[in-house]
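J.: Just one file: final07.txt, with compact mmCIF, C-alpha atoms and all ligand atoms.
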```txt
# COMPACT_ATOMS: atom_id res chain seq x y z
CA MET A 279 133.56 61.13 119.27
CA LYS A 280 135.62 60.83 116.09
CA THR A 281 136.68 63.89 114.10
CA ARG A 282 138.96 64.64 111.18
CA ALA A 283 142.12 66.54 111.92
CA ALA A 284 145.48 67.44 110.39
CA VAL A 285 147.99 66.01 112.84
CA ALA A 286 151.61 67.15 113.20
CA PHE A 287 153.12 63.82 114.25
CA ALA A 288 156.71 65.04 114.33
CA ALA A 289 158.76 68.17 113.68
CA GLY A 290 159.71 68.80 110.08
CA GLN A 291 157.11 66.44 108.64
CA ARG A 292 154.02 67.29 106.63
CA LEU A 293 150.64 67.24 108.35
CA GLU A 294 148.64 64.02 108.09
CA VAL A 295 144.85 64.17 107.88
CA VAL A 296 143.42 61.35 110.00
CA GLU A 297 140.39 60.51 112.14
CA VAL A 298 141.21 61.25 115.77
CA ASP A 299 139.31 60.63 118.99
CA LEU A 300 137.95 63.65 120.83
CA GLU A 301 136.56 63.53 124.35
CA GLY A 302 133.55 65.71 125.13
CA PRO A 303 133.78 68.98 127.08
CA LYS A 304 134.44 68.77 130.83
CA ALA A 305 133.29 71.38 133.35
CA GLY A 306 133.89 74.90 132.06
CA GLU A 307 134.65 73.69 128.51
CA VAL A 308 132.87 73.78 125.18
CA LEU A 309 132.96 71.56 122.09
CA ILE A 310 133.20 73.57 118.86
CA GLU A 311 132.65 72.44 115.29
CA ILE A 312 135.32 74.32 113.33
CA LYS A 313 134.05 75.57 109.96
CA ALA A 314 137.15 77.41 108.75
CA SER A 315 140.73 77.99 109.84
CA GLY A 316 143.42 80.32 108.57
CA VAL A 317 147.00 79.08 108.33
CA CYS A 318 149.46 81.45 110.05
CA HIS A 319 153.24 81.67 110.39
CA THR A 320 153.38 80.35 113.92
CA ASP A 321 151.84 77.08 112.77
CA ALA A 322 154.66 76.68 110.24
CA TYR A 323 157.28 77.78 112.75
CA THR A 324 156.16 75.14 115.25
CA LEU A 325 155.81 72.45 112.59
CA SER A 326 159.35 73.14 111.36
CA GLY A 327 160.80 72.14 114.72
CA ALA A 328 162.49 75.54 115.20
CA ASP A 329 160.12 76.41 118.07
CA PRO A 330 161.81 75.13 121.25
CA GLU A 331 158.41 75.00 122.97
CA GLY A 332 156.78 72.97 120.18
CA LEU A 333 155.22 69.68 121.31
CA PHE A 334 154.46 66.62 119.19
CA PRO A 335 152.23 65.02 118.19
CA ALA A 336 149.92 68.02 118.09
CA ILE A 337 146.94 69.43 116.27
CA LEU A 338 148.07 72.90 115.16
CA GLY A 339 145.96 75.88 114.07
CA HIS A 340 144.94 78.96 116.06
CA GLU A 341 142.92 81.10 113.61
CA GLY A 342 139.51 79.46 113.43
CA ALA A 343 135.79 80.06 113.48
CA GLY A 344 132.97 77.65 114.17
CA VAL A 345 129.77 76.74 116.00
CA VAL A 346 129.32 75.54 119.58
CA ARG A 347 127.92 71.99 119.58
CA GLU A 348 128.04 71.04 123.28
CA VAL A 349 128.81 72.76 126.57
CA GLY A 350 130.26 71.22 129.73
CA ALA A 351 128.94 71.57 133.28
CA GLY A 352 128.69 75.08 134.62
CA VAL A 353 129.08 76.88 131.28
CA THR A 354 126.65 79.81 131.15
CA SER A 355 128.28 82.21 128.69
CA LEU A 356 127.77 79.95 125.65
CA LYS A 357 125.17 77.51 124.30
CA PRO A 358 124.94 75.06 121.40
CA GLY A 359 124.46 76.92 118.12
CA ASP A 360 126.47 80.00 119.11
CA HIS A 361 128.93 81.19 116.44
CA VAL A 362 132.38 81.59 117.95
CA ILE A 363 136.06 82.38 117.41
CA PRO A 364 138.62 80.47 119.55
CA LEU A 365 141.11 82.67 121.44
CA TYR A 366 144.79 81.84 121.91
CA THR A 367 144.81 84.70 124.39
CA PRO A 368 141.90 84.01 126.78
CA GLU A 369 140.02 86.61 128.82
CA CYS A 370 138.96 85.27 132.25
CA ARG A 371 138.16 88.73 133.69
CA GLN A 372 139.32 87.48 137.11
CA CYS A 373 143.11 86.99 137.13
CA PRO A 374 145.44 89.80 138.27
CA SER A 375 146.31 90.59 134.65
CA CYS A 376 142.69 90.88 133.50
CA LEU A 377 141.79 92.90 136.60
CA SER A 378 144.76 95.25 136.10
CA ARG A 379 143.21 96.66 132.91
CA LYS A 380 146.84 97.19 131.83
CA THR A 381 147.36 94.07 129.70
CA ASN A 382 145.47 91.54 127.63
CA LEU A 383 147.78 88.69 128.68
CA CYS A 384 145.34 86.72 130.85
CA THR A 385 147.18 84.24 133.05
CA ALA A 386 144.26 81.97 134.05
CA ILE A 387 145.29 78.98 131.89
CA ARG A 388 148.74 80.11 130.78
CA SER A 389 150.84 77.20 132.03
CA THR A 390 148.62 74.35 130.85
CA GLN A 391 148.13 76.04 127.47
CA GLY A 392 151.90 76.12 127.00
CA GLN A 393 152.06 72.43 127.89
CA GLY A 394 149.55 71.55 125.17
CA VAL A 395 146.83 70.40 127.54
CA MET A 396 143.49 71.59 128.92
CA PRO A 397 143.36 73.38 132.30
CA ASP A 398 142.84 70.03 134.13
CA GLY A 399 146.21 68.87 132.75
CA THR A 400 144.87 66.35 130.24
CA SER A 401 144.32 66.35 126.48
CA ARG A 402 140.93 65.77 124.83
CA PHE A 403 142.58 64.48 121.61
CA SER A 404 144.06 61.05 120.99
CA TYR A 405 144.95 58.83 118.03
CA ARG A 406 145.10 55.04 118.41
CA SER A 407 145.09 55.71 122.18
CA GLN A 408 148.17 57.92 121.95
CA LYS A 409 147.78 61.42 123.41
CA ILE A 410 147.81 64.35 120.97
CA HIS A 411 148.67 67.82 122.25
CA HIS A 412 146.45 70.85 121.91
CA TYR A 413 148.15 73.89 120.30
CA MET A 414 147.97 77.49 121.54
CA GLY A 415 144.84 76.37 123.33
CA CYS A 416 142.96 76.23 120.02
CA SER A 417 143.85 73.31 117.68
CA THR A 418 141.71 74.64 114.84
CA PHE A 419 143.09 72.21 112.23
CA ALA A 420 140.47 69.77 113.51
CA ASN A 421 136.83 69.62 112.47
CA HIS A 422 135.92 69.60 116.19
CA THR A 423 137.91 70.94 119.12
CA VAL A 424 137.44 71.63 122.83
CA LEU A 425 138.25 74.93 124.57
CA PRO A 426 137.70 76.48 128.01
CA ASP A 427 134.79 78.93 127.87
CA ILE A 428 137.12 81.82 128.81
CA ALA A 429 138.95 81.26 125.52
CA VAL A 430 135.90 81.56 123.26
CA ALA A 431 134.47 84.77 121.76
CA LYS A 432 130.77 84.70 120.81
CA VAL A 433 130.18 86.59 117.56
CA ASP A 434 127.38 87.75 115.22
CA PRO A 435 125.81 84.59 113.72
CA ALA A 436 125.26 86.46 110.44
CA ALA A 437 129.02 86.85 109.89
CA PRO A 438 130.60 84.44 107.36
CA LEU A 439 132.80 82.01 109.27
CA ASP A 440 135.06 81.42 106.25
CA LYS A 441 136.12 85.09 106.45
CA ILE A 442 135.97 86.01 110.14
CA CYS A 443 138.28 83.14 111.09
CA TYR A 444 141.06 85.60 110.13
CA ILE A 445 139.94 87.77 113.08
CA GLY A 446 141.15 84.91 115.30
CA CYS A 447 144.75 86.08 114.71
CA GLY A 448 145.87 88.28 111.82
CA VAL A 449 143.16 90.93 111.66
CA THR A 450 142.96 91.49 115.42
CA THR A 451 146.75 91.53 115.75
CA GLY A 452 147.23 94.18 113.05
CA VAL A 453 144.21 96.38 113.71
CA GLY A 454 144.59 95.97 117.48
CA ALA A 455 148.27 96.99 117.45
CA VAL A 456 147.18 100.34 115.98
CA LEU A 457 144.09 100.98 118.10
CA ASN A 458 144.98 99.31 121.44
CA THR A 459 148.77 99.23 121.68
CA ALA A 460 149.83 102.39 119.82
CA GLN A 461 146.51 104.25 120.19
CA VAL A 462 147.19 106.13 116.98
CA GLU A 463 145.40 109.48 116.64
CA ALA A 464 143.92 111.11 113.54
CA GLY A 465 146.50 113.00 111.48
CA ALA A 466 149.43 110.84 112.60
CA THR A 467 152.29 109.65 110.37
CA ALA A 468 153.18 105.94 110.40
CA ILE A 469 155.59 103.46 108.83
CA VAL A 470 154.74 99.77 108.47
CA PHE A 471 157.62 97.34 107.88
CA GLY A 472 156.49 94.11 106.18
CA LEU A 473 153.24 94.05 104.20
CA GLY A 474 152.08 90.49 104.74
CA GLY A 475 149.01 89.15 106.50
CA ILE A 476 149.78 91.29 109.57
CA GLY A 477 151.19 94.46 107.98
CA LEU A 478 148.19 94.92 105.68
CA ASN A 479 145.94 94.78 108.73
CA VAL A 480 148.11 97.40 110.44
CA ILE A 481 147.58 99.55 107.34
CA GLN A 482 143.82 99.19 107.47
CA GLY A 483 143.91 99.92 111.22
CA LEU A 484 145.84 103.12 110.46
CA ARG A 485 143.26 104.10 107.85
CA LEU A 486 140.51 103.49 110.43
CA ALA A 487 142.38 105.66 112.98
CA GLY A 488 142.63 108.50 110.44
CA ALA A 489 146.41 108.50 109.98
CA ASP A 490 147.55 111.04 107.32
CA MET A 491 150.71 109.45 106.00
CA ILE A 492 150.98 105.65 105.89
CA ILE A 493 154.33 104.49 104.53
CA GLY A 494 154.71 100.80 103.72
CA VAL A 495 158.15 99.18 103.51
CA ASP A 496 158.68 95.80 101.86
CA ILE A 497 161.46 94.12 99.86
CA ASN A 498 158.80 92.49 97.66
CA PRO A 499 157.69 95.03 94.99
CA ASP A 500 154.34 93.24 94.56
CA LYS A 501 153.37 94.56 97.99
CA LYS A 502 153.01 98.14 96.67
CA SER A 503 149.62 97.48 95.12
CA TRP A 504 148.58 95.33 98.10
CA GLY A 505 149.36 98.18 100.52
CA GLU A 506 147.58 100.79 98.41
CA ARG A 507 144.50 98.60 98.34
CA PHE A 508 144.12 99.05 102.14
CA GLY A 509 145.15 102.68 102.61
CA MET A 510 148.94 102.93 102.27
CA THR A 511 149.91 106.38 100.92
CA HIS A 512 153.63 105.79 100.14
CA PHE A 513 155.69 102.69 99.37
CA VAL A 514 159.41 102.17 99.94
CA ASN A 515 161.32 99.18 98.62
CA PRO A 516 164.56 99.03 100.66
CA THR A 517 166.42 97.38 97.79
CA ALA A 518 165.69 100.45 95.62
CA VAL A 519 166.85 103.01 98.21
CA GLU A 520 170.34 104.40 97.77
CA GLY A 521 172.10 104.86 101.09
CA ASP A 522 170.61 104.46 104.53
CA LEU A 523 166.98 103.33 104.72
CA VAL A 524 166.39 104.95 108.12
CA ALA A 525 167.71 108.32 106.91
CA HIS A 526 165.47 108.02 103.84
CA LEU A 527 162.38 107.34 105.95
CA VAL A 528 163.20 110.08 108.47
CA ASN A 529 163.54 112.51 105.58
CA MET A 530 160.21 111.42 104.07
CA THR A 531 158.43 112.13 107.35
CA LYS A 532 159.78 115.68 107.93
CA ARG A 533 156.91 118.09 108.37
CA GLY A 534 156.71 121.90 108.28
CA ALA A 535 159.25 123.78 110.39
CA ASP A 536 160.33 120.66 112.30
CA GLN A 537 164.03 120.08 111.60
CA PHE A 538 163.73 116.47 112.78
CA GLY A 539 161.87 113.84 110.85
CA GLY A 540 160.62 110.42 111.85
CA ALA A 541 157.16 108.90 112.06
CA ASP A 542 154.82 109.26 115.02
CA TYR A 543 154.34 105.46 114.95
CA THR A 544 156.25 102.59 113.34
CA PHE A 545 155.37 98.90 113.28
CA ASP A 546 157.56 95.86 112.72
CA CYS A 547 155.56 93.15 110.96
CA THR A 548 158.54 91.09 109.76
CA GLY A 549 159.92 89.34 112.85
CA ASN A 550 163.44 90.37 111.69
CA VAL A 551 165.46 91.90 114.55
CA LYS A 552 167.45 94.14 112.15
CA VAL A 553 164.17 95.54 110.86
CA MET A 554 162.98 96.06 114.44
CA ARG A 555 165.97 98.33 115.01
CA MET A 556 165.28 100.29 111.83
CA ALA A 557 161.64 100.65 112.88
CA LEU A 558 162.65 102.12 116.24
CA GLU A 559 165.21 104.47 114.73
CA SER A 560 162.81 105.78 112.09
CA CYS A 561 160.28 107.01 114.63
CA HIS A 562 160.39 110.64 115.78
CA ARG A 563 162.65 111.75 118.62
CA GLY A 564 160.75 112.94 121.67
CA TRP A 565 157.52 111.10 121.07
CA GLY A 566 157.77 108.38 118.41
CA GLN A 567 156.55 104.93 119.33
CA SER A 568 157.73 101.73 117.66
CA ILE A 569 155.61 98.63 118.06
CA ILE A 570 157.09 95.15 117.65
CA ILE A 571 154.49 92.75 116.28
CA GLY A 572 156.74 90.29 114.46
CA VAL A 573 157.83 87.26 116.45
CA ALA A 574 161.58 86.67 116.11
CA GLY A 575 163.16 83.22 116.12
CA ALA A 576 164.19 81.66 119.43
CA GLY A 577 167.32 83.20 120.95
CA GLN A 578 167.35 86.33 118.75
CA GLU A 579 168.15 89.69 120.36
CA ILE A 580 167.34 93.28 119.51
CA ALA A 581 169.85 96.11 119.75
CA THR A 582 169.96 99.89 119.55
CA ARG A 583 171.91 102.69 121.20
CA PRO A 584 170.35 103.80 124.51
CA PHE A 585 170.47 107.34 123.06
CA GLN A 586 167.54 106.35 120.86
CA LEU A 587 165.37 105.81 123.97
CA VAL A 588 166.91 108.59 126.07
CA THR A 589 165.78 110.98 123.37
CA GLY A 590 162.19 109.94 123.95
CA ARG A 591 161.44 107.12 121.55
CA VAL A 592 159.31 104.32 123.00
CA TRP A 593 159.82 100.64 122.12
CA LYS A 594 156.74 98.48 122.72
CA GLY A 595 155.60 94.99 121.87
CA THR A 596 152.15 93.58 121.39
CA ALA A 597 150.53 90.14 121.59
CA PHE A 598 147.25 89.59 119.75
CA GLY A 599 147.09 93.35 119.15
CA GLY A 600 146.54 94.01 122.84
CA ALA A 601 143.00 92.70 122.36
CA ARG A 602 140.87 91.31 125.17
CA GLY A 603 139.40 88.52 123.13
CA ARG A 604 135.91 87.98 124.48
CA THR A 605 135.29 91.74 124.54
CA ASP A 606 137.17 93.00 121.47
CA VAL A 607 136.85 90.17 118.93
CA PRO A 608 133.02 90.44 118.66
CA ARG A 609 133.42 94.20 118.08
CA ILE A 610 135.91 93.60 115.26
CA VAL A 611 133.45 91.15 113.69
CA ASP A 612 130.84 93.93 113.88
CA TRP A 613 133.24 96.37 112.19
CA TYR A 614 133.70 93.87 109.39
CA MET A 615 129.93 93.44 109.02
CA ALA A 616 129.52 97.24 108.96
CA GLY A 617 132.16 97.60 106.23
CA LYS A 618 134.64 99.49 108.43
CA ILE A 619 137.36 96.91 107.81
CA GLU A 620 137.96 94.53 104.93
CA ILE A 621 138.89 90.88 105.04
CA ASP A 622 137.74 89.17 101.83
CA PRO A 623 140.50 90.38 99.47
CA MET A 624 143.23 89.26 101.89
CA ILE A 625 142.03 85.66 101.78
CA THR A 626 143.87 84.75 98.62
CA HIS A 627 143.48 80.97 98.80
CA THR A 628 141.01 78.43 100.20
CA MET A 629 141.27 74.64 100.27
CA PRO A 630 139.72 71.59 101.93
CA LEU A 631 141.44 70.09 105.00
CA ALA A 632 142.89 67.30 102.85
CA GLU A 633 145.02 69.91 101.03
CA ILE A 634 146.24 71.78 104.10
CA ASN A 635 149.90 71.16 103.27
CA THR A 636 149.43 73.30 100.15
CA ALA A 637 148.61 76.23 102.44
CA PHE A 638 152.00 75.83 104.11
CA ASP A 639 153.75 75.67 100.72
CA LEU A 640 152.02 78.87 99.57
CA MET A 641 153.06 80.64 102.77
CA HIS A 642 156.69 79.48 102.48
CA HIS A 643 156.86 80.81 98.94
CA GLY A 644 155.23 84.14 99.86
CA GLN A 645 152.41 83.48 97.41
CA SER A 646 149.49 83.93 99.81
CA ILE A 647 148.38 86.70 102.11
CA ARG A 648 146.08 84.23 103.87
CA ALA A 649 145.11 80.69 103.00
CA VAL A 650 141.99 79.37 104.72
CA VAL A 651 141.07 75.73 105.19
CA LEU A 652 137.34 75.06 104.83
CA PHE A 653 135.73 72.12 106.64
P1 LIG U 701 154.27 87.46 106.03
O1 LIG U 701 155.36 86.54 105.68
O2 LIG U 701 152.95 87.33 105.34
O3 LIG U 701 154.76 88.95 105.81
C1 LIG U 701 156.04 89.40 106.08
C2 LIG U 701 156.39 90.47 105.05
O4 LIG U 701 157.63 91.08 105.43
C3 LIG U 701 156.56 89.94 103.62
O5 LIG U 701 155.77 90.70 102.73
C4 LIG U 701 158.05 90.11 103.36
O6 LIG U 701 158.33 90.41 102.00
C5 LIG U 701 158.38 91.30 104.26
N1 LIG U 701 159.80 91.38 104.64
C6 LIG U 701 160.65 90.37 104.96
N2 LIG U 701 161.87 90.86 105.26
C7 LIG U 701 161.81 92.20 105.13
C8 LIG U 701 162.74 93.26 105.29
N3 LIG U 701 164.01 93.01 105.63
N4 LIG U 701 162.32 94.53 105.09
C9 LIG U 701 161.04 94.78 104.71
N5 LIG U 701 160.10 93.81 104.53
C10 LIG U 701 160.49 92.54 104.73
O7 LIG U 701 154.06 87.35 107.61
P2 LIG U 701 152.80 87.84 108.48
O8 LIG U 701 151.76 86.80 108.50
O9 LIG U 701 152.40 89.19 108.05
O10 LIG U 701 153.46 87.88 109.95
C11 LIG U 701 154.42 88.84 110.26
C12 LIG U 701 155.00 88.59 111.64
O11 LIG U 701 154.01 88.84 112.64
C13 LIG U 701 155.48 87.16 111.89
O12 LIG U 701 156.72 87.24 112.58
C14 LIG U 701 154.41 86.59 112.78
O13 LIG U 701 154.88 85.54 113.58
C15 LIG U 701 154.05 87.80 113.60
N6 LIG U 701 152.77 87.77 114.35
C16 LIG U 701 152.77 88.29 115.60
C17 LIG U 701 151.61 88.30 116.37
C18 LIG U 701 151.59 88.92 117.73
O14 LIG U 701 150.59 88.76 118.44
N7 LIG U 701 152.62 89.63 118.14
C19 LIG U 701 150.44 87.73 115.83
C20 LIG U 701 150.47 87.23 114.54
C21 LIG U 701 151.64 87.25 113.80
C1 LIG U 702 150.30 84.27 116.50
N1 LIG U 702 151.49 84.64 116.99
C2 LIG U 702 152.35 84.73 115.97
C3 LIG U 702 151.67 84.43 114.85
N2 LIG U 702 150.40 84.15 115.19
C4 LIG U 702 151.76 84.87 118.33
C5 LIG U 702 152.73 84.12 118.96
C6 LIG U 702 153.04 84.37 120.29
C7 LIG U 702 152.37 85.36 120.99
C8 LIG U 702 151.38 86.09 120.36
C9 LIG U 702 151.08 85.84 119.03
C10 LIG U 702 152.73 85.66 122.33
C11 LIG U 702 153.21 86.86 122.79
C12 LIG U 702 153.44 86.72 124.16
C13 LIG U 702 153.09 85.45 124.51
N3 LIG U 702 152.66 84.78 123.40
C14 LIG U 702 153.16 84.89 125.89
C15 LIG U 702 151.87 85.07 126.59
C16 LIG U 702 151.99 84.78 128.09
O1 LIG U 702 153.02 84.29 128.52
O2 LIG U 702 151.01 85.07 128.77
C17 LIG U 702 152.22 83.46 123.38
C18 LIG U 702 150.86 83.17 123.36
C19 LIG U 702 150.40 81.83 123.35
C20 LIG U 702 151.32 80.79 123.37
C21 LIG U 702 152.68 81.09 123.39
C22 LIG U 702 153.13 82.41 123.39
C23 LIG U 702 150.85 79.38 123.39
O3 LIG U 702 149.69 79.12 123.57
N4 LIG U 702 151.69 78.41 123.17
C24 LIG U 702 149.83 84.27 123.34
ZN ZN U 703 148.77 83.66 114.04
```
Starting from the file, lay out its structure as structure tokens.
T.:
Amino acid sequence: MKTRAAVAFAAGQRLEVVEVDLEGPKAGEVLIEIKASGVCHTDAYTLSGADPEGLFPAILGHEGAGVVREVGAGVTSLKPGDHVIPLYTPECRQCPSCLSRKTNLCTAIRSTQGQGVMPDGTSRFSYRSQKIHHYMGCSTFANHTVLPDIAVAKVDPAAPLDKICYIGCGVTTGVGAVLNTAQVEAGATAIVFGLGGIGLNVIQGLRLAGADMIIGVDINPDKKSWGERFGMTHFVNPTAVEGDLVAHLVNMTKRGADQFGGADYTFDCTGNVKVMRMALESCHRGWGQSIIIGVAGAGQEIATRPFQLVTGRVWKGTAFGGARGRTDVPRIVDWYMAGKIEIDPMITHTMPLAEINTAFDLMHHGQSIRAVVLF
């Protein structure tokens, strides 16, 4: 079939919206009509050419929502008409990682996904008979796309696809980092570094978990009101702090007779390795946990003194908020439908596919929390 897609033909160029050819689903695959797709930082990072694993030409996009239109042989978990969210982290429930119950990083299709192809080693997309790569197993900047059934979450058909597409990456990453990775308890203190599309979702995850003190840290003063909107209790702008930021945060989090300060949980949502260090060092000695969510540029390294860890701090990272997609994503959609989490105010911009490059411009200039392309 033919479908419209924004194609990244080469690194550093703008996306071009063209009609591409899409082959139907093979065994174990499903064809999805994408109705909406968020634009996330990784898409821009790959498009820029800075991602050493980026492949071109490709159809980017990994934060979508849509409707199943066709299923391949042997698919029993999905049927045409089902409302779905594509998963860049699949959940096969059979590989050693899924069976371990200790990680969400399913390995069933890991190598082919990284190579921009389907599990059989071929691409379903082409343009003028030239192969186009899939991206993060999703390629949601296309009106139709094909995914393996293990990488598709079936969700409540009453949920608005133009909002729940954000659960395909940002919402699940932020809320999941709090609930799955950190397992924050009621009454905890927390610091969130970077109040963008991820950090704000960490804040609403902390509110859901019942955290007492939620400190937001951002160099952009506009983020104070954004954070407060989702449950932040204190805001710190590093550029307005005299002296050491870590010392300031540790002091803010001193409680009762405890001579030591530091938060129970800290989260890096910037991708800046210097900030990652500050996040670790501003969590409490003995039990503080610091969660790295931000993805740093290729080749970057983190540093701290071993003393920081010897004295009981824990440094952790999280991918997709530790969520098992087919199990957890439908539950997060239900939380949204029940009013437990918010999404609508974070979607600051929408546009048709033809204007997708505007979404990248808004992101580069820090003007959007989330821009969503509507098909
Ligand atoms: P964003 O650009 O919307 O937000 C980043 C925020 O950090 C901005 O508000 C910016 O002002 C602030 N900031 C920048 N430098 C800072 C500093 N030195 N101190 C304090 N604040 C600072 O980005 P986002 O969409 O929220 O994504 C954040 C990060 O999360 C990115 O690195 C992204 O790649 C990553 N991410 C990771 C996963 C995962 O599974 N681990 C999933 C999605 C996104
Ligand atoms: C999504 N991310 C950032 C912004 N939006 C993001 C990027 C990378 C990962 C997670 C979220 C990530 C963490 C760990 C891995 N990835 C490796 C997983 C593994 O090896 O099993 C990651 C993922 C997908 C891809 C690359 C890296 C890909 O499909 N190309 C989950
Ligand atoms: Zn993303």
J.: At a cut-off of 9 Å around ligand LIG 702 (chain U), and using only C-alpha atoms and all ligand atoms, what residues come up? Please write them as an NGL selection string.
T.: :A and (318-321 or 323 or 331-332 or 340-341 or 366-368 or 382-385 or 387-394 or 413-416 or 447-448 or 451 or 476 or 571-573 or 595-599)
J.: One decimal, in Å: what's the spacing between CA of Gly316 (chain A) and CA of Leu631 (chain A)?
T.: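 Computed distance, CA of Gly316 (chain A) to CA of Leu631 (chain A), equals 11.0 Å.
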J.: Determine the nearest neighbour of ligand ZN 703 (chain U) from the options A:Gly475, A:Gly465, A:Ile363, A:Asp299, counting only C-alpha atoms and all ligand atoms.
T.: A:Gly475
J.: Can you work out the spacing between CA of Cys376 (chain A) and CA of Ala601 (chain A) in Å, to one decimal?
T.: 11.3 Å
J.: At what distance in Å, to one decimal, does CA of Trp613 (chain A) lie from atom O4 of ligand LIG 701 (chain U)?
T.: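 Taking atom O4 of ligand LIG 701 (chain U) and CA of Trp613 (chain A), their separation equals 25.9 Å.
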J.: In the coordinates of the file, take the point (136.0, 71.5, 115.2) and a cut-off of 9 Å; then, counting only C-alpha atoms, name each qualifying protein, DNA or RNA residue as a list in words.
T.: Thr281, Arg282, Ala283, Leu309, Ile310, Glu311, Ile312, Lys313, Ala314, Gly342, Ala343, Gly344, Val345, Val346, Ser417, Thr418, Phe419, Ala420, Asn421, His422, Thr423, Val424 and Phe653 of chain A
J.: Write out as number ranges by chain each polymer residue whose atoms come within 12 Å of region 287-291 of chain A, counting all atoms listed in the file; drop sequence neighbours fewer than 5 positions from it.
T.: A: 296, 321-338, 404-405, 408-411, 635, 638
J.: Mind listing whatever residues come within 10 Å of the point (145.7, 114.8, 111.5)? Use all atoms listed in the file, file coordinates, and give them as a PyMOL selection string.
T.: chain A and resi 463-467+487-491
J.: Find the residue from A:Arg533, A:Arg591, A:Arg555, A:Arg602 that sits nearest to Cys370 (chain A); use all atoms listed in the file when measuring.
T.: A:Arg602
J.: From the options A:Val285, A:Pro397, A:Val524, A:Cys443, which residue's atoms come nearest to ligand ZN 703 (chain U), counting only C-alpha atoms and all ligand atoms?
T.: A:Cys443
J.: List the spatial neighbours of Pro303 (chain A) as an mmCIF file with C-alpha atoms, keeping the file's coordinate frame - criterion: any atom at most 8 Å away, only C-alpha atoms, same-chain residues fewer than 4 positions off excluded.
T.:
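out37.cif, written as the output of this step:
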```
data_model
loop_
_atom_site.group_PDB
_atom_site.id
_atom_site.type_symbol
_atom_site.label_atom_id
_atom_site.label_comp_id
_atom_site.auth_asym_id
_atom_site.auth_seq_id
_atom_site.Cartn_x
_atom_site.Cartn_y
_atom_site.Cartn_z
ATOM 1 C CA GLU A 307 134.650 73.690 128.510
ATOM 2 C CA VAL A 308 132.870 73.780 125.180
ATOM 3 C CA LEU A 309 132.960 71.560 122.090
ATOM 4 C CA GLU A 348 128.040 71.040 123.280
ATOM 5 C CA VAL A 349 128.810 72.760 126.570
ATOM 6 C CA GLY A 350 130.260 71.220 129.730
ATOM 7 C CA VAL A 424 137.440 71.630 122.830
ATOM 8 C CA LEU A 425 138.250 74.930 124.570
#
```
J.: Smallest atom-to-atom distance to Trp593 (chain A): which of A:Leu558, A:Leu439, A:Met624, A:Val607, using only C-alpha atoms?
T.: A:Leu558
J.: Tell me which of A:Tyr444, A:Tyr614, A:Tyr543, A:Trp565 sits closest to Val588 (chain A), counting all atoms listed in the file.
T.: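 Selected residue with least distance to Val588 (chain A): A:Trp565.
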J.: So which one's closest to Pro364 (chain A), A:Ile442, A:Ala351, A:Ala649, A:Met629? Using all atoms listed in the file, please.
T.: A:Ile442
